[in-house]
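Data first, discussion second: the structure below is written as structure tokens.
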Protein chains: 4
Amino acid sequence: MEQPIYVLLIDCPDQKGLVHHISGVLYRLGLNIIGNQEFVEHEDNRFFMRTSFQGKIDKKEVIAEIRGFLPEGSSVTLVRQRPKNIVVLVTKEQHCLGELLVRHQFRELNANILAVVGNHPELGHFTHQFGINYHHVPHTGLTREQHEAAVLEVIARYDPEYLVLAKYMRILSPEFVDHFPNRIINIHHSFLPAFIGASPYRQAYERGVKIIGATAHIVNNDLDEGPIIVQNVIPVDHTYSVNDMIRSGKDVEKIALARALQLVFEDKVTVNGNKTIIFD
Amino acid sequence: MEQPIYVLLIDCPDQKGLVHHISGVLYRLGLNIIGNQEFVEHEDNRFFMRTSFQGKIDKKEVIAEIRGFLPEGSSVTLVRQRPKNIVVLVTKEQHCLGELLVRHQFRELNANILAVVGNHPELGHFTHQFGINYHHVPHTGLTREQHEAAVLEVIARYDPEYLVLAKYMRILSPEFVDHFPNRIINIHHSFLPAFIGASPYRQAYERGVKIIGATAHIVNNDLDEGPIIVQNVIPVDHTYSVNDMIRSGKDVEKIALARALQLVFEDKVTVNGNKTIIFD
Amino acid sequence: MEQPIYVLLIDCPDQKGLVHHISGVLYRLGLNIIGNQEFVEHEDNRFFMRTSFQGKIDKKEVIAEIRGFLPEGSSVTLVRQRPKNIVVLVTKEQHCLGELLVRHQFRELNANILAVVGNHPELGHFTHQFGINYHHVPHTGLTREQHEAAVLEVIARYDPEYLVLAKYMRILSPEFVDHFPNRIINIHHSFLPAFIGASPYRQAYERGVKIIGATAHIVNNDLDEGPIIVQNVIPVDHTYSVNDMIRSGKDVEKIALARALQLVFEDKVTVNGNKTIIFD
Amino acid sequence: MEQPIYVLLIDCPDQKGLVHHISGVLYRLGLNIIGNQEFVEHEDNRFFMRTSFQGKIDKKEVIAEIRGFLPEGSSVTLVRQRPKNIVVLVTKEQHCLGELLVRHQFRELNANILAVVGNHPELGHFTHQFGINYHHVPHTGLTREQHEAAVLEVIARYDPEYLVLAKYMRILSPEFVDHFPNRIINIHHSFLPAFIGASPYRQAYERGVKIIGATAHIVNNDLDEGPIIVQNVIPVDHTYSVNDMIRSGKDVEKIALARALQLVFEDKVTVNGNKTIIFD
């Protein structure tokens with residue numbers, strides 16, 4: 001039987017000997033190191049490390065032993081590699097959802113899509129084609145608070161580890177986001193921080209930019225200000241109407257989202273303030 | 001003796017028969033068409049055309065004949081292709097200036113650099129190596145108005161067709177810009193409209209973006225809001241310090257500026273409001 | 001009722017007055033020109049033009065009138081814009097097929113997928129989810145000739161305008177290709193002409209390239225030598241295993257194929273020898 | 001006084017405990033680790049590591065202590081960071097040379113250009129503008145052997161650590177290359193392995209590719225087959241003549257070369273067979 005693979009993520013104040021001591025713990029346990037990456041953010045003197053290894057361990061024991069070497073204010077995470085459980089939120093556009101459903105069906109998403117929740121009914125039939133539950137939670141006639149409560153109620157049934165906003169066109173309240181700290185991934189249809197807010201392609205058209213893009217990011221309480229995971233761009237020119245930009249942008253959006261999810265679901269993304277450190 | 005090459009640029013309200021009538025004028029004159037491009041901006045129903053041709057003509061006559069077919073509110077430009085006369089403005093950074101001086105020396109700029117004007121002395125020696133005049137016009141102790149007057153006085157001696165801001169780090173007043181309508185080209189060290197203003201790389205670092213860029217644009221009276229000619233980007237990641245971004249950004253900036261100048265100097269750029277139409 | 005849109009494609013020896021005369025025909029018919037593009041290949045003195053226009057016409061009459069102005073050796077095509085009828089050929093990999101099926105379902109492909117034909121059974125169920133016919137035509141125990149005859153027989157039932165090879169991993173004989181001249185579009189999983197033939201990602205890995213790519217092209221009788229429509233690349237580095245390249249390459253492949261089909265199905269691609277002219 | 005910075009490069013068969021033991025040596029010496037990167041090439045089970053640190057050391061002692069932990073067949077390199085001494089070889093084209101000379105003058109090359117050697121006289125004056133020696137070593141009337149002997153004689157006067165071929169259009173013999181193992185950097189004007197050999201832009205034009213590129217690589221005894229350091233591409237289309245490709249390609253070439261040299265001169269490039277591992 002194949003032995004389990006673990007990912008160890010460390011985030012702590014930098015000091016001498018960290019790599020030596022941490023790698024020592026793994027060495028003494030006789031574990032098979034698959035990959036090892038470190039980074040020191042010199043501006044705030046902070047050390048980050050990601051190690052993946054294979055072997056049988058007592059998780060608590062390993063964490064405790066590593067913690068013994070680390071200074072105050074350290075974070076240690078040790079996760080066993082397996083597909084994440086996720087719920088996808090959508091509105092009407094299918095391109096990002098389609099990307100996820102196709103990858104999911106062929107086991108290329110590294111996640112289990114437990115359900116899709118939409119504030120419109122349009123994508124229900126499409127989702128069902130893939131044998132996935134679709135919940136239509138309409139927002140008409142509801143306050144944002146009421147609608148979010150209804151959405152949360154549906155999500156709660158599945159207890160997902162991550163929410164993926166696959167062109168979900170509603171702004172989430174801080175209260176909603178607080179339920180899933182650093183666990184909501186969004187795709188924004190612009191090259192952030194350019195064109196924050198609504199109708200970014202219209203904005204891009206009006207401004208006459210020569211490149212458009214998309215940004216996959218972790219959602220926090222500041223709209224479009226969360227830590228960026230992946231950005232992806234394509235050239236445009238004066239012949240592009242707003243609709244041409246929207247059409248071309250779809251390809252950029254879905255690929256950016258898919259790459260970001262790949263990184264997140266392989267535990268390669270660490271959040272440092274409003275930025276990400278990506279050990280790829 | 002080789003016959004002269006002309007570029008005809010037309011910008012007018014769209015209507016039927018424009019291409020037929022305009023091409024008819026050139027056909028009857030027996031001119032040799034090198035290239036022909038049209039574009040209709042459907043949002044404001046405006047027709048743009050660029051035709052390059054070879055042959056001997058009476059410029060005024062050709063313009064008059066074409067004007068005869070065009071509606072009210074039309075613009076017709078007919079220029080003979082030859083290197084443009086330019087003055088370059090700089091501050092302390094050499095990478096964009098160096099790019100221009102090397103291309104100029106090997107006749108790859110399609111322009112005559114008449115002089116370089118700097119508000120600091122640092123780049124004087126470097127400019128002189130290439131046999132080009134350098135004018136140091138210090139701004140210390142002067143109001144912006146006084147300094148601009150001094151700069152204008154130097155520029156006036158050369159009567160350039162274009163000014164190129166090759167990392168000139170002073171903001172130009174609307175009055176200054178009015179002297180050179182659509183004839184000042186700037187390189188901004190960000191992917192506009194992201195990170196308008198000072199220290200864009202510091203802003204990019206703080207925001208944690210995964211792509212940085214540069215924007216070559218025509219200067220008008222709104223800071224960093226002029227029509228964009230070329231944008232150019234490169235990927236970055238969490239390991240990039242601000243200085244790493246600055247260093248990598250230099251390559252992106254100078255290539256974006258050089259490409260933009262190539263387009264402008266070959267009369268391939270038409271301004272339409274705050275946007276460009278580029279017939280390349 | 002909305003008037004039909006036509007695309008006129010001309011390919012002829014260059015001579016003076018072509019644009020004037022051709023645009024004159026359309027002007028006199030009072031047609032509404034949507035877009036107009038010309039190109040002269042100076043190396044072989046050949047003129048290419050694509051005009052799209054809206055209006056009611058007698059197709060034969062328009063073609064005859066235009067032909068009247070053109071020299072010997074001219075090609076004139078006039079097609080009414082509507083979705084193309086296509087059959088898709090696959091083997092086992094789903095990513096390109098999935099891209100096409102999702103776009104098709106949401107009317108973003110500009111084509112009707114009449115059927116999918118596979119030499120393996122794996123993608124049958126997936127295709128059926130989208131309500132599309134899947135024909136499994138196994139090649140085991142058959143000569144290439146026999147297998148192609150069986151495939152042709154299935155295709156013939158649908159009478160498609162184009163065949164799309166969406167990772168169809170069999171080499172087609174010249175006889176097969178002759179049935180669909182310039183009407184078979186293939187996606188090759190390398191940046192052609194690098195890594196022609198089998199296992200291009202393995203070849204790329206062994207060579208240690210820093211960029212990998214995909215090439216969508218028209219199939220002719222020379223393997224991997226047909227006219228290129230779209231190429232698309234992504235950076236890789238030493239950390240990429242062959243499988244990592246295959247995984248990343250899938251995104252590049254499917255987007256390249258989808259862009260190529262968009263161009264072909266909008267009649268924007270003209271073949272000139274083993275090259276394409278793309279009026280986009 | 002600032003303490004020296006060192007780079008430690010290790011290349012050895014993979015085994016457990018390597019990171020722990022190597023980092024232990026540096027920890028016990030109290031050195032200040034600036035950056036640390038490891039990579040295991042699983043296909044041949046080989047471990048690579050680059051560590052940069054600051055501090056006073058006895059080089060031999062550190063190497064000996066680290067070697068004590070390493071298996072047979074290990075390579076340990078420890079270099080003090082300082083600008084490399086280089087000689088540049090050119091023919092007639094100035095764009096790569098200009099890039100190097102400008103960076104050099106402003107101390108952005110991380111290298112001392114000791115001299116430029118050309119088989120043509122054209123770039124002599126240009127090189128002298130930057131205060132650098134130029135040696136014209138003509139090849140006319142000489143065998144390749146004789147010419148290389150003459151070039152080697154000139155180079156020997158400067159005892160450079162690296163040779164940079166900045167569009168040097170002569171093929172070097174294996175005997176010449178043997179004098180500088182893994183110490184000659186070349187820029188090839190194609191996206192290798194596409195278009196090996198002469199006139200790659202002509203080949204690219206004939207093939208009708210939609211992307212062109214350049215490849216900076218280490219020279220070994222197989223023409224255009226050396227380990228690739230950097231590749232860089234730009235899109236082209238059917239409107240590009242061969243000369244347009246050459247012109248656009250120059251920008252791609254010089255930036256690819258400059259980036260490759262930055263990596264090499266900061267000791268970030270390790271050669272593994274005919275591939276590079278780049279710790280950036």
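Following the order of the structure tokens, chains are lettered A, B, ..., residues in each are numbered from 1, and ligands are numbered from 1.
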I need the contact residues of chain C against chain B, so if you could list those with any atom within 10 Å, counting only C-alpha atoms, and return them as an mmCIF file with C-alpha atoms, in the first residue's frame, that would help.
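Generated output (part.cif):
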```cif
data_model
loop_
_atom_site.group_PDB
_atom_site.id
_atom_site.type_symbol
_atom_site.label_atom_id
_atom_site.label_comp_id
_atom_site.auth_asym_id
_atom_site.auth_seq_id
_atom_site.Cartn_x
_atom_site.Cartn_y
_atom_site.Cartn_z
ATOM 1 C CA GLN C 15 -2.586 44.913 -59.789
ATOM 2 C CA LYS C 16 -3.621 48.540 -59.566
ATOM 3 C CA GLY C 17 -7.224 49.450 -58.866
ATOM 4 C CA LEU C 18 -8.337 46.211 -57.211
ATOM 5 C CA VAL C 19 -9.668 47.828 -54.047
ATOM 6 C CA HIS C 20 -11.317 50.591 -56.016
ATOM 7 C CA HIS C 21 -13.084 48.266 -58.409
ATOM 8 C CA ILE C 22 -14.143 45.649 -55.886
ATOM 9 C CA SER C 23 -15.434 48.229 -53.412
ATOM 10 C CA GLY C 24 -17.241 49.854 -56.312
ATOM 11 C CA VAL C 25 -19.336 46.757 -56.921
ATOM 12 C CA LEU C 26 -20.434 46.669 -53.299
ATOM 13 C CA TYR C 27 -21.048 50.438 -53.262
ATOM 14 C CA ARG C 28 -23.284 50.361 -56.303
ATOM 15 C CA GLY C 30 -25.847 49.838 -51.724
ATOM 16 C CA LEU C 31 -24.504 47.218 -49.317
ATOM 17 C CA ASN C 32 -23.557 48.007 -45.779
ATOM 18 C CA ILE C 33 -19.830 47.294 -45.322
ATOM 19 C CA ILE C 34 -19.051 45.922 -41.855
ATOM 20 C CA GLY C 35 -15.336 45.385 -42.253
ATOM 21 C CA ASN C 36 -12.743 45.459 -44.975
ATOM 22 C CA GLN C 37 -9.191 44.185 -44.958
ATOM 23 C CA GLU C 38 -6.581 43.807 -47.648
ATOM 24 C CA PHE C 39 -3.097 42.374 -47.771
ATOM 25 C CA VAL C 40 -0.488 42.144 -50.483
ATOM 26 C CA HIS C 42 4.957 41.226 -51.851
#
```
> Quick one: residues within 9 Å of Tyr205 (chain B), only C-alpha atoms counted, chain neighbours fewer than 2 positions away excluded, as a PyMOL selection string?
Replying inline: chain B and resi 200-203+207-209+238+240-242+245
Which residues are near region 106-110 of chain D? Cut-off 10 Å, only C-alpha atoms, ignore same chain within fewer than 3 positions. Put them as a compact mmCIF listing (two decimals) with N, CA and C atoms, in the first residue's frame.
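What follows is the written file part39.txt:
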```txt
# COMPACT_ATOMS: atom_id res chain seq x y z
N GLU B 93 17.58 58.20 -15.20
CA GLU B 93 17.67 56.79 -15.61
C GLU B 93 18.06 56.70 -17.08
N GLN B 94 18.96 55.79 -17.38
CA GLN B 94 19.54 55.74 -18.72
C GLN B 94 18.94 54.70 -19.65
N HIS B 95 18.16 53.75 -19.13
CA HIS B 95 17.83 52.59 -19.97
C HIS B 95 17.01 52.95 -21.21
N PHE B 126 27.01 60.50 -21.06
CA PHE B 126 26.52 59.35 -21.82
C PHE B 126 25.98 59.80 -23.18
N ARG B 247 14.22 46.60 -11.67
CA ARG B 247 15.21 46.10 -12.60
C ARG B 247 14.57 45.38 -13.77
N GLN D 81 30.51 36.24 -4.46
CA GLN D 81 29.78 37.06 -5.41
C GLN D 81 30.54 38.33 -5.75
N ARG D 82 30.86 38.45 -7.01
CA ARG D 82 31.46 39.69 -7.53
C ARG D 82 31.28 39.68 -9.04
N PRO D 83 31.39 40.83 -9.68
CA PRO D 83 31.20 40.89 -11.13
C PRO D 83 32.18 39.94 -11.84
N LYS D 84 31.68 39.24 -12.88
CA LYS D 84 32.51 38.31 -13.64
C LYS D 84 33.33 39.09 -14.68
N ASN D 85 34.45 38.54 -15.05
CA ASN D 85 35.26 39.11 -16.13
C ASN D 85 34.89 38.43 -17.44
N GLU D 99 23.24 46.50 -26.01
CA GLU D 99 22.58 46.18 -24.75
C GLU D 99 23.60 45.93 -23.64
N LEU D 100 24.63 45.18 -23.96
CA LEU D 100 25.64 44.85 -22.95
C LEU D 100 26.47 46.07 -22.57
N LEU D 101 26.84 46.86 -23.58
CA LEU D 101 27.71 48.01 -23.31
C LEU D 101 27.00 49.06 -22.45
N VAL D 102 25.72 49.31 -22.75
CA VAL D 102 24.98 50.29 -21.95
C VAL D 102 24.82 49.80 -20.51
N ARG D 103 24.41 48.55 -20.35
CA ARG D 103 24.27 48.00 -18.99
C ARG D 103 25.61 48.05 -18.26
N ILE D 113 33.32 44.03 -18.79
CA ILE D 113 33.64 43.71 -20.18
C ILE D 113 35.10 44.10 -20.41
N ALA D 258 20.38 39.24 -22.25
CA ALA D 258 20.65 40.00 -21.02
C ALA D 258 20.13 39.27 -19.79
N ARG D 259 18.94 38.66 -19.91
CA ARG D 259 18.40 37.92 -18.76
C ARG D 259 19.24 36.69 -18.46
N LEU D 261 22.40 36.30 -19.03
CA LEU D 261 23.67 36.69 -18.42
C LEU D 261 23.47 37.08 -16.96
N GLN D 262 22.37 37.73 -16.68
CA GLN D 262 22.07 38.07 -15.29
C GLN D 262 22.04 36.81 -14.42
N LEU D 263 21.38 35.78 -14.94
CA LEU D 263 21.28 34.51 -14.20
C LEU D 263 22.65 33.85 -14.05
N VAL D 264 23.41 33.82 -15.15
CA VAL D 264 24.72 33.16 -15.11
C VAL D 264 25.66 33.92 -14.17
N PHE D 265 25.67 35.23 -14.29
CA PHE D 265 26.65 36.00 -13.52
C PHE D 265 26.30 36.06 -12.03
N GLU D 266 25.06 35.75 -11.68
CA GLU D 266 24.70 35.64 -10.26
C GLU D 266 24.78 34.18 -9.80
```
>> If we count only C-alpha atoms and set the cut-off at 10 Å, which residues sit around region 170-173 of chain D, ignoring sequence neighbours fewer than 5 positions away in its own chain? Please answer as a PyMOL selection string.
In response: chain D and resi 89-91+119+139+144-145+148+165+178+197+219-224
Which residues come within 8 Å of Ile229 (chain C), counting only C-alpha atoms, excluding same-chain residues fewer than 2 positions away, as a PDB file with N, CA and C atoms, in the first residue's frame?
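Here's the written file result32.pdb:
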```pdb
ATOM      1  N   THR C 215       0.018  24.137 -31.433  1.00  0.00           N
ATOM      2  CA  THR C 215      -0.172  24.697 -32.764  1.00  0.00           C
ATOM      3  C   THR C 215      -1.463  24.160 -33.370  1.00  0.00           C
ATOM      4  N   ALA C 216      -2.374  25.066 -33.689  1.00  0.00           N
ATOM      5  CA  ALA C 216      -3.579  24.675 -34.419  1.00  0.00           C
ATOM      6  C   ALA C 216      -3.326  24.965 -35.886  1.00  0.00           C
ATOM      7  N   HIS C 217      -3.574  23.964 -36.731  1.00  0.00           N
ATOM      8  CA  HIS C 217      -3.224  24.120 -38.139  1.00  0.00           C
ATOM      9  C   HIS C 217      -4.203  23.375 -39.034  1.00  0.00           C
ATOM     10  N   ILE C 218      -4.182  23.741 -40.283  1.00  0.00           N
ATOM     11  CA  ILE C 218      -4.957  23.049 -41.293  1.00  0.00           C
ATOM     12  C   ILE C 218      -4.164  21.835 -41.733  1.00  0.00           C
ATOM     13  N   PRO C 227      -0.713  24.512 -42.985  1.00  0.00           N
ATOM     14  CA  PRO C 227      -0.730  25.947 -42.664  1.00  0.00           C
ATOM     15  C   PRO C 227      -1.135  26.199 -41.212  1.00  0.00           C
ATOM     16  N   GLN C 231      -0.779  29.770 -32.748  1.00  0.00           N
ATOM     17  CA  GLN C 231       0.178  29.146 -31.827  1.00  0.00           C
ATOM     18  C   GLN C 231       0.056  29.817 -30.478  1.00  0.00           C
ATOM     19  N   ALA C 260      -8.468  29.032 -33.055  1.00  0.00           N
ATOM     20  CA  ALA C 260      -8.332  28.726 -34.477  1.00  0.00           C
ATOM     21  C   ALA C 260      -9.703  28.467 -35.095  1.00  0.00           C
ATOM     22  N   VAL C 269      -9.827  32.973 -42.283  1.00  0.00           N
ATOM     23  CA  VAL C 269      -8.565  32.312 -42.596  1.00  0.00           C
ATOM     24  C   VAL C 269      -8.496  32.003 -44.091  1.00  0.00           C
ATOM     25  N   THR C 276      -1.035  30.667 -43.702  1.00  0.00           N
ATOM     26  CA  THR C 276      -2.364  31.261 -43.633  1.00  0.00           C
ATOM     27  C   THR C 276      -2.258  32.782 -43.616  1.00  0.00           C
ATOM     28  N   ILE C 278      -4.607  35.694 -42.062  1.00  0.00           N
ATOM     29  CA  ILE C 278      -5.712  35.755 -41.113  1.00  0.00           C
ATOM     30  C   ILE C 278      -6.194  37.191 -41.003  1.00  0.00           C
TER      31      ILE C 278
ATOM     32  N   LYS D 210       3.404  31.651 -36.219  1.00  0.00           N
ATOM     33  CA  LYS D 210       2.686  32.789 -35.651  1.00  0.00           C
ATOM     34  C   LYS D 210       3.379  33.349 -34.411  1.00  0.00           C
TER      35      LYS D 210
END
```
> Which parts of region 99-186 of chain A does DSSP call alpha helix (DSSP H) when run on the backbone here, written out as an MDAnalysis selection string?
Replying inline: chainID A and resid 99:105 124:129 144:156 174:178
>> So that I can check the secondary structure, give me every residue of region 71-115 of chain B assigned strand (DSSP E or B) by backbone DSSP, as number ranges by chain.
In response: B: 75-80, 84-90, 111-115
>> Please report the interatomic distance between CA of Ile10 (chain B) and CA of Asp14 (chain C) in Å with one decimal.
In response: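 Separating CA of Ile10 (chain B) from CA of Asp14 (chain C) is a distance of 23.7 Å.
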>> Quick one: residues within 8 Å of Tyr158 (chain A), only C-alpha atoms, excluding same-chain residues fewer than 2 positions away - as a PyMOL selection string?
In response: chain A and resi 87+114-115+154-156+160
Would you output that residue set with N, CA and C atoms, as a PDB file, in the first residue's frame?
```
ATOM      1  N   VAL A  87     -17.542  23.729  -2.758  1.00  0.00           N
ATOM      2  CA  VAL A  87     -18.826  24.127  -3.335  1.00  0.00           C
ATOM      3  C   VAL A  87     -18.548  25.297  -4.271  1.00  0.00           C
ATOM      4  N   LEU A 114     -18.910  19.224  -4.464  1.00  0.00           N
ATOM      5  CA  LEU A 114     -20.035  18.662  -3.715  1.00  0.00           C
ATOM      6  C   LEU A 114     -21.349  19.204  -4.248  1.00  0.00           C
ATOM      7  N   ALA A 115     -21.327  20.454  -4.678  1.00  0.00           N
ATOM      8  CA  ALA A 115     -22.557  21.062  -5.196  1.00  0.00           C
ATOM      9  C   ALA A 115     -22.217  22.380  -5.865  1.00  0.00           C
ATOM     10  N   VAL A 154     -27.515  26.377   2.540  1.00  0.00           N
ATOM     11  CA  VAL A 154     -27.264  25.320   1.547  1.00  0.00           C
ATOM     12  C   VAL A 154     -25.830  24.814   1.648  1.00  0.00           C
ATOM     13  N   ILE A 155     -24.914  25.748   1.736  1.00  0.00           N
ATOM     14  CA  ILE A 155     -23.496  25.354   1.794  1.00  0.00           C
ATOM     15  C   ILE A 155     -23.236  24.484   3.021  1.00  0.00           C
ATOM     16  N   ALA A 156     -23.865  24.862   4.127  1.00  0.00           N
ATOM     17  CA  ALA A 156     -23.606  24.160   5.396  1.00  0.00           C
ATOM     18  C   ALA A 156     -23.908  22.669   5.290  1.00  0.00           C
ATOM     19  N   PRO A 160     -18.036  22.268   3.022  1.00  0.00           N
ATOM     20  CA  PRO A 160     -16.877  22.271   2.117  1.00  0.00           C
ATOM     21  C   PRO A 160     -15.655  22.916   2.769  1.00  0.00           C
TER      22      PRO A 160
END
```
> So what do you get for CA of Met49 (chain D) versus CA of Leu9 (chain D), distance-wise?
Replying inline: 5.7 Å
> From the set D:Glu175, D:Leu97, D:Ile132, D:Cys12, which residue has the shortest atom-to-atom contact distance to Phe48 (chain D), counting only C-alpha atoms?
Replying inline: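 With only C-alpha atoms as the atom set, the closest residue is D:Cys12.
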